[in-house]
$ cat query30.txt   # compact mmCIF, C-alpha atoms
# COMPACT_ATOMS: atom_id res chain seq x y z
CA MET O 77 110.64 134.57 124.69
CA GLU O 78 112.37 131.23 125.14
CA GLU O 79 111.48 131.14 128.82
CA PHE O 80 107.86 131.97 127.95
CA VAL O 81 107.66 129.09 125.46
CA ARG O 82 109.40 126.73 127.86
CA SER O 83 107.03 127.51 130.72
CA HIS O 84 103.98 127.02 128.48
CA ALA O 85 105.35 123.71 127.17
CA VAL O 86 105.96 122.39 130.69
CA ALA O 87 102.48 123.48 131.81
CA ALA O 88 100.84 121.89 128.77
CA ALA O 89 102.75 118.61 129.23
CA SER O 90 101.77 118.52 132.91
CA ALA O 91 98.12 119.15 132.07
CA VAL O 92 98.12 116.37 129.47
CA THR O 93 99.77 113.95 131.90
CA LEU O 94 97.34 114.70 134.74
CA SER O 95 94.25 114.52 132.54
CA THR O 96 95.45 111.22 131.05
CA ALA O 97 96.16 109.73 134.47
CA LEU O 98 92.72 110.77 135.69
CA VAL O 99 90.81 108.81 133.05
CA TYR O 100 93.28 106.08 132.06
CA PRO O 101 91.47 103.23 133.92
CA LEU O 102 88.39 104.00 131.81
CA ASP O 103 90.52 103.77 128.67
CA THR O 104 91.85 100.37 129.75
CA LEU O 105 88.35 99.01 130.38
CA LYS O 106 87.13 100.45 127.08
CA THR O 107 89.98 98.80 125.16
CA LEU O 108 89.44 95.41 126.77
CA LEU O 109 85.72 95.56 126.00
CA GLN O 110 86.50 96.34 122.36
CA VAL O 111 89.13 93.65 121.75
CA GLY O 112 87.31 91.08 123.90
CA ALA O 113 84.12 91.24 121.88
CA GLY O 114 83.43 88.15 119.80
CA THR O 115 80.93 85.48 118.93
CA GLY O 116 80.73 84.27 122.52
CA PRO O 117 78.77 85.75 125.42
CA LYS O 118 78.98 89.52 125.71
CA LEU O 119 81.42 90.75 128.35
CA ASP O 120 80.40 93.43 130.81
CA ILE O 121 82.46 95.90 132.81
CA ARG O 122 82.22 93.83 135.99
CA GLN O 123 83.72 90.76 134.31
CA VAL O 124 86.53 92.79 132.74
CA CYS O 125 87.36 94.48 136.05
CA GLY O 126 87.40 91.15 137.89
CA ARG O 127 89.67 89.50 135.33
CA LEU O 128 92.04 92.46 135.20
CA GLN O 129 92.32 92.70 138.96
CA SER O 130 92.81 88.94 139.41
CA ILE O 131 95.65 88.78 136.85
CA ALA O 132 97.51 92.09 137.16
CA GLY O 133 96.02 93.74 140.25
CA LEU O 134 95.24 97.43 140.47
CA SER O 135 98.38 98.26 138.48
CA GLY O 136 96.79 96.53 135.48
CA PHE O 137 94.43 99.48 135.06
CA TYR O 138 97.49 101.61 134.21
CA SER O 139 99.26 99.19 131.87
CA GLY O 140 100.75 101.10 128.96
CA PHE O 141 100.31 104.48 130.67
CA GLY O 142 103.85 105.56 129.78
CA TRP O 143 103.30 104.92 126.06
CA THR O 144 100.06 106.88 126.19
CA VAL O 145 101.69 109.92 127.78
CA LEU O 146 104.63 109.81 125.35
CA GLY O 147 102.18 109.79 122.46
CA ARG O 148 99.57 112.22 123.72
CA ILE O 149 101.93 115.08 124.60
CA PRO O 150 103.20 115.62 121.02
CA ALA O 151 99.86 114.55 119.49
CA ILE O 152 97.70 116.98 121.47
CA GLY O 153 100.31 119.69 121.07
CA THR O 154 100.16 119.17 117.32
CA ARG O 155 96.35 119.17 117.35
CA PHE O 156 95.99 122.48 119.17
CA GLY O 157 99.04 124.07 117.55
CA LEU O 158 97.96 123.27 114.00
CA TYR O 159 94.39 124.32 114.80
CA GLU O 160 95.58 127.71 116.06
CA LEU O 161 97.77 128.10 112.98
CA LEU O 162 94.92 127.35 110.57
CA THR O 163 92.40 129.51 112.39
CA ALA O 164 94.92 132.38 112.41
CA PHE O 165 95.08 132.00 108.64
CA TYR O 166 91.26 132.18 108.48
CA LYS O 167 91.16 135.30 110.69
CA ASP O 168 93.92 137.10 108.83
CA GLY O 169 92.61 140.38 107.40
CA ARG O 170 89.23 140.26 109.15
CA GLU O 171 88.12 143.23 111.13
CA ASP O 172 86.20 141.25 113.74
CA ASN O 173 88.89 138.54 114.24
CA HIS O 174 86.16 135.86 114.27
CA VAL O 175 86.28 132.12 113.50
CA TYR O 176 83.15 130.50 112.07
CA VAL O 177 81.99 127.03 113.08
CA SER O 178 82.61 125.62 109.59
CA GLU O 179 86.18 126.94 109.67
CA ALA O 180 86.75 125.35 113.08
CA LEU O 181 85.46 122.06 111.66
CA LEU O 182 87.86 122.13 108.69
CA ALA O 183 90.83 123.13 110.86
CA GLY O 184 89.98 120.34 113.29
CA LEU O 185 89.79 117.74 110.52
CA ALA O 186 93.26 118.70 109.26
CA SER O 187 94.86 118.83 112.71
CA GLY O 188 93.30 115.49 113.68
CA ALA O 189 94.81 113.77 110.65
CA ILE O 190 98.32 114.86 111.63
CA GLU O 191 97.62 113.83 115.22
CA ALA O 192 96.72 110.30 114.06
CA VAL O 193 100.05 109.87 112.27
CA ILE O 194 101.95 110.84 115.42
CA SER O 195 99.94 108.85 117.95
CA THR O 196 99.39 105.55 116.07
CA PRO O 197 102.71 103.84 117.03
CA PHE O 198 102.24 104.73 120.70
CA ASP O 199 98.65 103.52 120.60
CA LEU O 200 99.84 100.16 119.27
CA PHE O 201 102.30 99.56 122.12
CA LYS O 202 99.79 100.86 124.67
CA LEU O 203 97.06 98.51 123.45
CA ARG O 204 99.35 95.47 123.43
CA MET O 205 100.32 96.12 127.07
CA GLN O 206 96.69 96.60 128.07
CA VAL O 207 95.77 93.28 126.48
CA ALA O 208 98.76 91.57 128.14
CA SER O 209 97.62 92.80 131.56
CA ALA O 210 94.33 90.89 131.19
CA CYS O 211 95.69 87.66 129.69
CA HIS O 212 97.51 84.74 131.24
CA SER O 213 100.76 84.32 129.34
CA PRO O 214 101.27 80.56 128.92
CA SER O 215 104.54 79.20 130.19
CA LEU O 216 106.72 77.67 127.51
CA LYS O 217 108.98 75.68 129.81
CA HIS O 218 107.20 72.42 129.10
CA HIS O 219 107.74 72.96 125.38
CA HIS O 220 111.53 73.23 125.60
CA ALA O 221 112.11 69.47 125.54
CA ASP O 222 109.94 68.99 122.46
CA GLN O 223 111.13 72.00 120.50
CA ILE O 224 112.29 71.09 117.03
CA VAL O 225 113.41 74.55 115.97
CA LYS O 226 116.58 76.56 116.18
CA PRO O 227 116.96 79.30 118.82
CA ILE O 228 116.72 82.05 116.21
CA ILE O 229 113.33 80.73 115.07
CA ALA O 230 112.12 80.60 118.68
CA LYS O 231 112.92 84.31 118.96
CA LEU O 232 111.17 85.02 115.66
CA LEU O 233 107.91 83.46 116.80
CA PRO O 234 107.40 84.39 120.47
CA GLY O 235 104.79 82.42 122.31
CA TYR O 236 104.07 79.93 119.53
CA VAL O 237 103.53 76.19 119.84
CA PRO O 238 104.92 74.13 116.92
CA ASP O 239 102.26 72.34 114.92
CA LYS O 240 103.89 68.98 114.16
CA LEU O 241 101.03 67.87 111.94
CA ALA O 242 101.47 70.89 109.69
CA TRP O 243 105.23 70.33 109.64
CA VAL O 244 104.91 66.64 108.73
CA HIS O 245 102.31 67.44 106.09
CA ASN O 246 104.55 70.00 104.42
CA ALA O 247 107.55 67.68 104.59
CA ASP O 248 105.53 64.90 102.95
CA LEU O 249 104.44 67.22 100.12
CA LEU O 250 107.97 68.49 99.45
CA SER O 251 109.57 65.03 99.64
CA LYS O 252 107.77 64.02 96.43
CA LEU O 253 109.57 66.64 94.37
CA PRO O 254 112.14 65.21 91.90
CA ASN O 255 114.86 67.73 92.84
CA LYS O 256 114.59 67.99 96.61
CA HIS O 257 116.97 69.16 99.30
CA PRO O 258 119.38 66.47 100.51
CA ASN O 259 118.53 67.21 104.14
CA LEU O 260 114.89 68.25 103.83
CA ILE O 261 113.90 67.92 107.51
CA ASP O 262 116.61 70.25 108.82
CA ALA O 263 116.00 72.70 105.97
CA LEU O 264 112.33 73.01 106.87
CA LYS O 265 113.25 74.14 110.39
CA GLY O 266 114.44 77.44 108.98
CA TYR O 267 110.93 78.40 107.79
CA PRO O 268 108.62 79.23 110.71
CA TRP O 269 105.40 79.21 108.71
CA LEU O 270 106.01 75.54 107.87
CA LEU O 271 106.33 74.77 111.58
CA THR O 272 103.28 76.59 112.89
CA GLY O 273 100.98 76.84 109.91
CA SER O 274 100.44 80.19 108.19
CA GLY O 275 97.14 80.76 110.00
CA ARG O 276 98.47 80.45 113.57
CA GLN O 277 99.74 83.90 114.45
CA PRO O 278 101.13 84.63 117.91
CA SER O 279 98.83 86.34 120.37
CA ALA O 280 98.94 90.08 120.94
CA TYR O 281 100.11 89.69 124.55
CA ASP O 282 103.23 87.84 123.33
CA VAL O 283 104.26 90.66 120.95
CA LYS O 284 104.00 93.91 122.89
CA GLY O 285 107.46 95.50 123.02
CA PRO O 286 108.91 97.65 120.21
CA SER O 287 111.73 95.18 119.50
CA GLN O 288 109.30 92.24 119.40
CA VAL O 289 106.90 94.06 117.09
CA VAL O 290 109.61 95.19 114.67
CA THR O 291 111.36 91.78 114.64
CA LEU O 292 108.25 89.74 114.02
CA GLU O 293 105.98 92.11 112.09
CA GLY O 294 108.35 94.62 110.50
CA TRP O 295 108.73 98.40 110.74
CA SER O 296 105.53 99.12 108.82
CA SER O 297 103.47 97.35 111.49
CA ILE O 298 103.93 100.14 114.04
CA TRP O 299 101.51 102.19 111.95
CA ARG O 300 98.91 99.42 111.83
CA GLY O 301 95.48 100.92 112.37
CA LEU O 302 96.47 104.21 110.74
CA ARG O 303 93.49 104.29 108.38
CA PRO O 304 90.79 103.97 111.08
CA GLY O 305 92.98 106.23 113.22
CA LEU O 306 92.87 108.95 110.56
CA PHE O 307 89.08 108.76 110.43
CA ARG O 308 88.80 108.64 114.24
CA ASP O 309 91.10 111.54 115.08
CA SER O 310 89.94 113.72 112.18
CA ILE O 311 86.28 113.32 113.10
CA PHE O 312 86.99 113.73 116.81
CA SER O 313 89.07 116.87 116.35
CA GLY O 314 86.68 118.40 113.83
CA ILE O 315 83.56 117.77 115.92
CA PHE O 316 85.32 118.86 119.12
CA PHE O 317 86.54 122.23 117.83
CA SER O 318 83.35 123.01 115.93
CA CYS O 319 81.13 122.21 118.94
CA TRP O 320 83.43 124.13 121.26
CA GLN O 321 83.36 127.14 118.93
CA ALA O 322 79.57 126.98 118.61
CA ILE O 323 79.12 126.88 122.39
CA HIS O 324 81.66 129.67 122.80
CA ILE O 325 79.79 131.88 120.31
CA ALA O 326 76.48 131.12 122.04
CA LEU O 327 77.92 132.10 125.44
CA LEU O 328 79.32 135.35 124.06
CA GLU O 329 75.98 136.22 122.47
CA TRP O 330 74.25 135.48 125.76
CA LYS O 331 76.65 137.78 127.59
CA SER O 332 76.15 140.52 125.00
CA LEU O 333 72.40 140.55 125.73
CA GLU O 334 73.13 141.49 129.33
CA MET O 335 75.28 144.49 128.35
CA ASP O 336 73.87 148.01 128.21
CA HIS O 337 75.39 148.89 124.86
CA PRO O 338 75.73 146.44 121.95
CA GLN O 339 79.30 145.60 121.13
CA ARG O 340 80.70 145.71 117.65
CA PHE O 341 83.35 142.99 118.02
CA PRO O 342 83.32 139.74 120.04
CA GLU O 343 86.65 140.80 121.59
CA GLU O 344 84.87 143.70 123.31
CA ILE O 345 82.65 141.27 125.24
CA SER O 346 84.01 139.91 128.51
CA SER O 347 85.53 136.47 128.12
CA ILE O 348 83.78 133.36 129.40
CA SER O 349 84.78 131.98 132.79
CA PRO O 350 87.05 128.91 133.17
CA VAL O 351 84.12 126.92 134.57
CA GLU O 352 82.00 127.68 131.52
CA ALA O 353 84.90 126.83 129.21
CA SER O 354 85.51 123.53 131.02
CA ILE O 355 81.87 122.51 130.77
CA ALA O 356 81.81 123.44 127.08
CA ALA O 357 84.96 121.41 126.46
CA GLY O 358 83.55 118.41 128.32
CA ILE O 359 80.32 118.46 126.32
CA SER O 360 82.22 118.87 123.05
CA GLY O 361 84.58 116.01 123.94
CA SER O 362 81.71 113.63 124.71
CA ILE O 363 79.92 114.46 121.45
CA ALA O 364 83.16 114.04 119.47
CA ALA O 365 83.87 110.70 121.16
CA ALA O 366 80.42 109.36 120.30
CA SER O 367 80.78 110.50 116.68
CA SER O 368 84.16 108.81 116.16
CA HIS O 369 83.80 105.72 118.33
CA SER O 370 83.18 103.24 115.50
CA PHE O 371 86.61 104.01 114.06
CA ASP O 372 88.17 103.80 117.52
CA THR O 373 86.87 100.24 117.87
CA ALA O 374 88.12 99.35 114.38
CA LYS O 375 91.57 100.72 115.22
CA SER O 376 91.76 98.86 118.54
CA ARG O 377 90.76 95.54 116.99
CA SER O 378 93.15 95.91 114.04
CA GLN O 379 96.09 96.71 116.33
CA CYS O 380 95.30 93.66 118.44
CA VAL O 381 95.95 91.36 115.46
CA VAL O 382 99.53 90.12 115.01
CA ILE O 383 100.50 89.67 111.35
CA PRO O 384 104.03 88.23 111.00
CA LYS O 385 106.17 89.39 108.13
CA TYR O 386 105.93 86.10 106.25
CA ILE O 387 102.12 86.20 106.28
CA ALA O 388 102.15 89.81 105.03
CA MET O 389 104.55 88.69 102.28
CA GLU O 390 102.25 85.82 101.30
CA ARG O 391 99.29 88.22 101.09
CA LYS O 392 101.29 90.59 98.92
CA LEU O 393 102.42 87.82 96.55
CA LEU O 394 98.90 86.42 96.30
CA LYS O 395 97.46 89.95 95.79
CA TRP O 396 95.14 89.41 98.73
CA LYS O 397 92.20 91.83 98.75
CA PRO O 398 90.78 92.88 102.13
CA PRO O 399 87.13 91.86 102.59
CA GLY O 400 84.23 94.26 102.99
CA THR O 401 82.71 97.15 101.11
CA TRP O 402 84.78 99.93 99.56
CA PHE O 403 84.23 102.17 102.58
CA GLU O 404 85.24 99.41 105.00
CA ARG O 405 88.42 98.79 103.03
CA LEU O 406 89.12 102.52 102.91
CA SER O 407 88.54 103.10 106.61
CA GLY O 408 90.12 99.85 107.83
CA ILE O 409 86.93 98.36 109.30
CA HIS O 410 86.75 94.57 109.12
CA PRO O 411 83.29 93.31 108.08
CA ALA O 412 83.31 90.81 110.97
CA ASP O 413 83.42 93.75 113.40
CA ARG O 414 80.28 95.49 112.17
CA HIS O 415 78.16 94.51 115.16
CA MET O 416 80.96 95.36 117.64
CA LEU O 417 81.65 98.97 116.64
CA THR O 418 79.67 100.48 119.52
CA ARG O 419 81.31 98.44 122.28
CA GLY O 420 82.60 100.69 125.06
CA ILE O 421 81.07 103.87 123.66
CA GLY O 422 79.79 104.98 127.07
CA LEU O 423 83.21 104.60 128.66
CA ARG O 424 84.86 106.56 125.87
CA MET O 425 82.33 109.38 126.11
CA VAL O 426 82.92 109.69 129.85
CA ARG O 427 86.69 109.44 129.42
CA SER O 428 86.84 112.09 126.69
CA GLY O 429 84.44 114.39 128.51
CA VAL O 430 86.38 114.27 131.77
CA ALA O 431 89.75 114.57 130.02
CA CYS O 432 88.66 117.58 127.97
CA THR O 433 87.16 119.20 131.06
CA ALA O 434 90.42 118.75 132.97
CA LEU O 435 92.53 119.91 130.02
CA SER O 436 90.53 123.00 129.08
CA PRO O 437 91.71 125.38 131.86
CA ARG O 438 95.15 125.42 130.31
CA ALA O 439 93.66 126.20 126.90
CA VAL O 440 91.48 128.88 128.45
CA ALA O 441 94.52 130.55 130.03
CA ALA O 442 96.28 130.63 126.66
CA ALA O 443 93.13 132.00 124.98
CA GLU O 444 92.79 134.72 127.61
CA GLU O 445 96.37 135.80 126.98
CA GLU O 446 95.64 135.97 123.26
CA GLU O 447 92.43 137.93 123.83
CA GLY O 448 94.29 140.33 126.09
CA ALA O 449 96.82 141.00 123.34
CA GLN O 450 93.99 141.54 120.86
CA ARG O 451 92.22 144.01 123.14
CA LEU O 452 95.47 145.87 123.64
CA GLN O 453 95.83 146.16 119.86
CA LEU O 454 92.26 147.47 119.57
CA GLN O 455 92.93 150.11 122.22
CA VAL O 456 96.07 151.22 120.43
$ encode --input "query30.txt" --output "structure tokens"
Amino acid sequence: MEEFVRSHAVAAASAVTLSTALVYPLDTLKTLLQVGAGTGPKLDIRQVCGRLQSIAGLSGFYSGFGWTVLGRIPAIGTRFGLYELLTAFYKDGREDNHVYVSEALLAGLASGAIEAVISTPFDLFKLRMQVASACHSPSLKHHHADQIVKPIIAKLLPGYVPDKLAWVHNADLLSKLPNKHPNLIDALKGYPWLLTGSGRQPSAYDVKGPSQVVTLEGWSSIWRGLRPGLFRDSIFSGIFFSCWQAIHIALLEWKSLEMDHPQRFPEEISSISPVEASIAAGISGSIAAASSHSFDTAKSRSQCVVIPKYIAMERKLLKWKPPGTWFERLSGIHPADRHMLTRGIGLRMVRSGVACTALSPRAVAAAEEEEGAQRLQLQV
């Protein structure tokens, strides 16, 4: 039994890795289109490809690939494993051992929510590396002579440029206090937000490693984008499994029409071929990607924003309320991103369709083994 589980785990991990590698350049282009959207001229795929190749070369299309694989293997395993567990609960006690489309939808929504919790930290590190591959990181050597901060502060704010006007302005305001610090200028150097201004966060390409993210933004930041991620993965998983189940039922009914004698149970009908299952998975993946793309864009743009710990503390003390409608606050969509939510939808549909098509043969093999066991039970 242990060898059986081990062989299936290795095969599933290999299938996830190969399918991810096949479509990862499309994911990189999609992410850069999403985070690069703004008030300026609209970027197209040709401009993004040219910039990425000129800065990082062909390897830039696979920036963050390792983080994606590390996140997708447990996330997809959880998605399919929890879905099978829930559908087994639905089928328990039924004579026909059948799963309805509505049950597949509910099981997919639940499994997608757990998948989002697992994959969000890996998505954050992956996105930061993708953004870094398309951005010129400014050299800070010419700032060393003019730095007015301690080394520990330089590590706390990677890639920043001190704003002397903000520093002088704050020093002038504090110097008028009756009970002030005896050495006010040196004391101010220990507070980074007084040196850079609270609105000048570092860029995403300067804070991309786990240690940098945790040091500057705190442990809670690795789950930034969880709310739009929950909506995205739940909708994607629910639509994917329900569409796949609907197509599967339609194919079985079509096969039953060609049989001489009507069959009582779906298990008595010959299973669909791997090619048919792959096409059904590809279609379902594309539909699911289109349905959940708005939340994918919201998640990508929220994870691209660097919020240092001191700014998050200021917002908490001031009881800062996120802008937007109640649904935008609930789902994590920023109101400024409303007209950008469909950016890269075509690339994501193609990426999801191809990935699901490449991944489905492994799922089909597992389903055939389960169907074989069920037929054996019916014969007994």
$ atom_distance --input "query30.txt" --atom1 "CA of Tyr386 (chain O)" --atom2 "CA of Ala210 (chain O)"
27.9 Å
$ closest_atom_pairs --input "query30.txt" --of "region 179-204 of chain O" --to "region 349-367 of chain O" --cutoff "12 Å" --atoms "all atoms listed in the file" --output "Markdown table"
| residue | atom | partner | partner_atom | distance |
| --- | --- | --- | --- | --- |
| O:Leu181 | CA | O:Ala364 | CA | 11.4 |
| O:Gly184 | CA | O:Ala364 | CA | 11.2 |
| O:Leu185 | CA | O:Ala364 | CA | 11.7 |
| O:Gly188 | CA | O:Ala364 | CA | 11.8 |
$ residues_around --input "query30.txt" --residues "Gly314 (chain O)" --least-positions-apart "3" --cutoff "12 Å" --atoms "all atoms listed in the file" --output "VMD selection string"
chain O and resid 155 to 156 159 177 to 189 191 306 to 311 317 to 321 360 to 361 363 to 365 367 to 368
$ closest_residue --input "query30.txt" --among "O:Arg419, O:Thr104, O:Leu406, O:Pro384" --to "Trp295 (chain O)" --atoms "only C-alpha atoms"
O:Pro384
$ residues_around --input "query30.txt" --residues "region 297-302 of chain O" --least-positions-apart "2" --cutoff "8 Å" --atoms "all atoms listed in the file" --output "list of chain:residue names"
O:Ala192, O:Val193, O:Thr196, O:Pro197, O:Leu200, O:Val289, O:Val290, O:Glu293, O:Gly294, O:Trp295, O:Pro304, O:Gly305, O:Leu306, O:Ala374, O:Lys375, O:Ser376, O:Ser378, O:Gln379, O:Gly408
$ atom_distance --input "query30.txt" --atom1 "CA of His245 (chain O)" --atom2 "CA of Ile383 (chain O)"
22.9 Å
$ residues_around --input "query30.txt" --residues "Gly147 (chain O)" --least-positions-apart "4" --cutoff "7 Å" --atoms "only C-alpha atoms" --output "ChimeraX atom specification"
/O:143,151,195,198
$ atom_distance --input "query30.txt" --atom1 "CA of Pro150 (chain O)" --atom2 "CA of Phe316 (chain O)"
18.3 Å
$ residues_around --input "query30.txt" --residues "Ile421 (chain O)" --least-positions-apart "5" --cutoff "9 Å" --atoms "only C-alpha atoms" --output "ChimeraX atom specification"
/O:106,365-366,369-370,373,426
$ residues_around --input "query30.txt" --residues "Tyr281 (chain O)" --least-positions-apart "6" --cutoff "7 Å" --atoms "only C-alpha atoms" --output "number ranges by chain"
O: 204-205, 207-208
$ write_last_selection --input "query30.txt" --atoms "C-alpha atoms" --output "short mmCIF file (atom, residue, chain, number, x, y, z; two decimals), in the coordinates of the input"
data_model
loop_
_atom_site.label_atom_id
_atom_site.label_comp_id
_atom_site.auth_asym_id
_atom_site.auth_seq_id
_atom_site.Cartn_x
_atom_site.Cartn_y
_atom_site.Cartn_z
CA ARG O 204 99.35 95.47 123.43
CA MET O 205 100.32 96.12 127.07
CA VAL O 207 95.77 93.28 126.48
CA ALA O 208 98.76 91.57 128.14
#
$ closest_residue --input "query30.txt" --among "O:Ile152, O:Gly142, O:Lys118, O:Met416" --to "Ala85 (chain O)" --atoms "all atoms listed in the file"
O:Ile152
$ closest_residue --input "query30.txt" --among "O:Ala97, O:Ala88, O:Leu394, O:Val283" --to "Phe141 (chain O)" --atoms "only C-alpha atoms"
O:Ala97
$ closest_residue --input "query30.txt" --among "O:Arg405, O:Lys202, O:Lys395, O:Lys252" --to "Asp103 (chain O)" --atoms "all atoms listed in the file"
O:Lys202
$ closest_residue --input "query30.txt" --among "O:Thr401, O:Asp199, O:Glu329, O:Ile190" --to "Leu158 (chain O)" --atoms "only C-alpha atoms"
O:Ile190
$ closest_residue --input "query30.txt" --among "O:Ala263, O:Ile315, O:Trp330, O:Thr291" --to "Asn246 (chain O)" --atoms "all atoms listed in the file"
O:Ala263
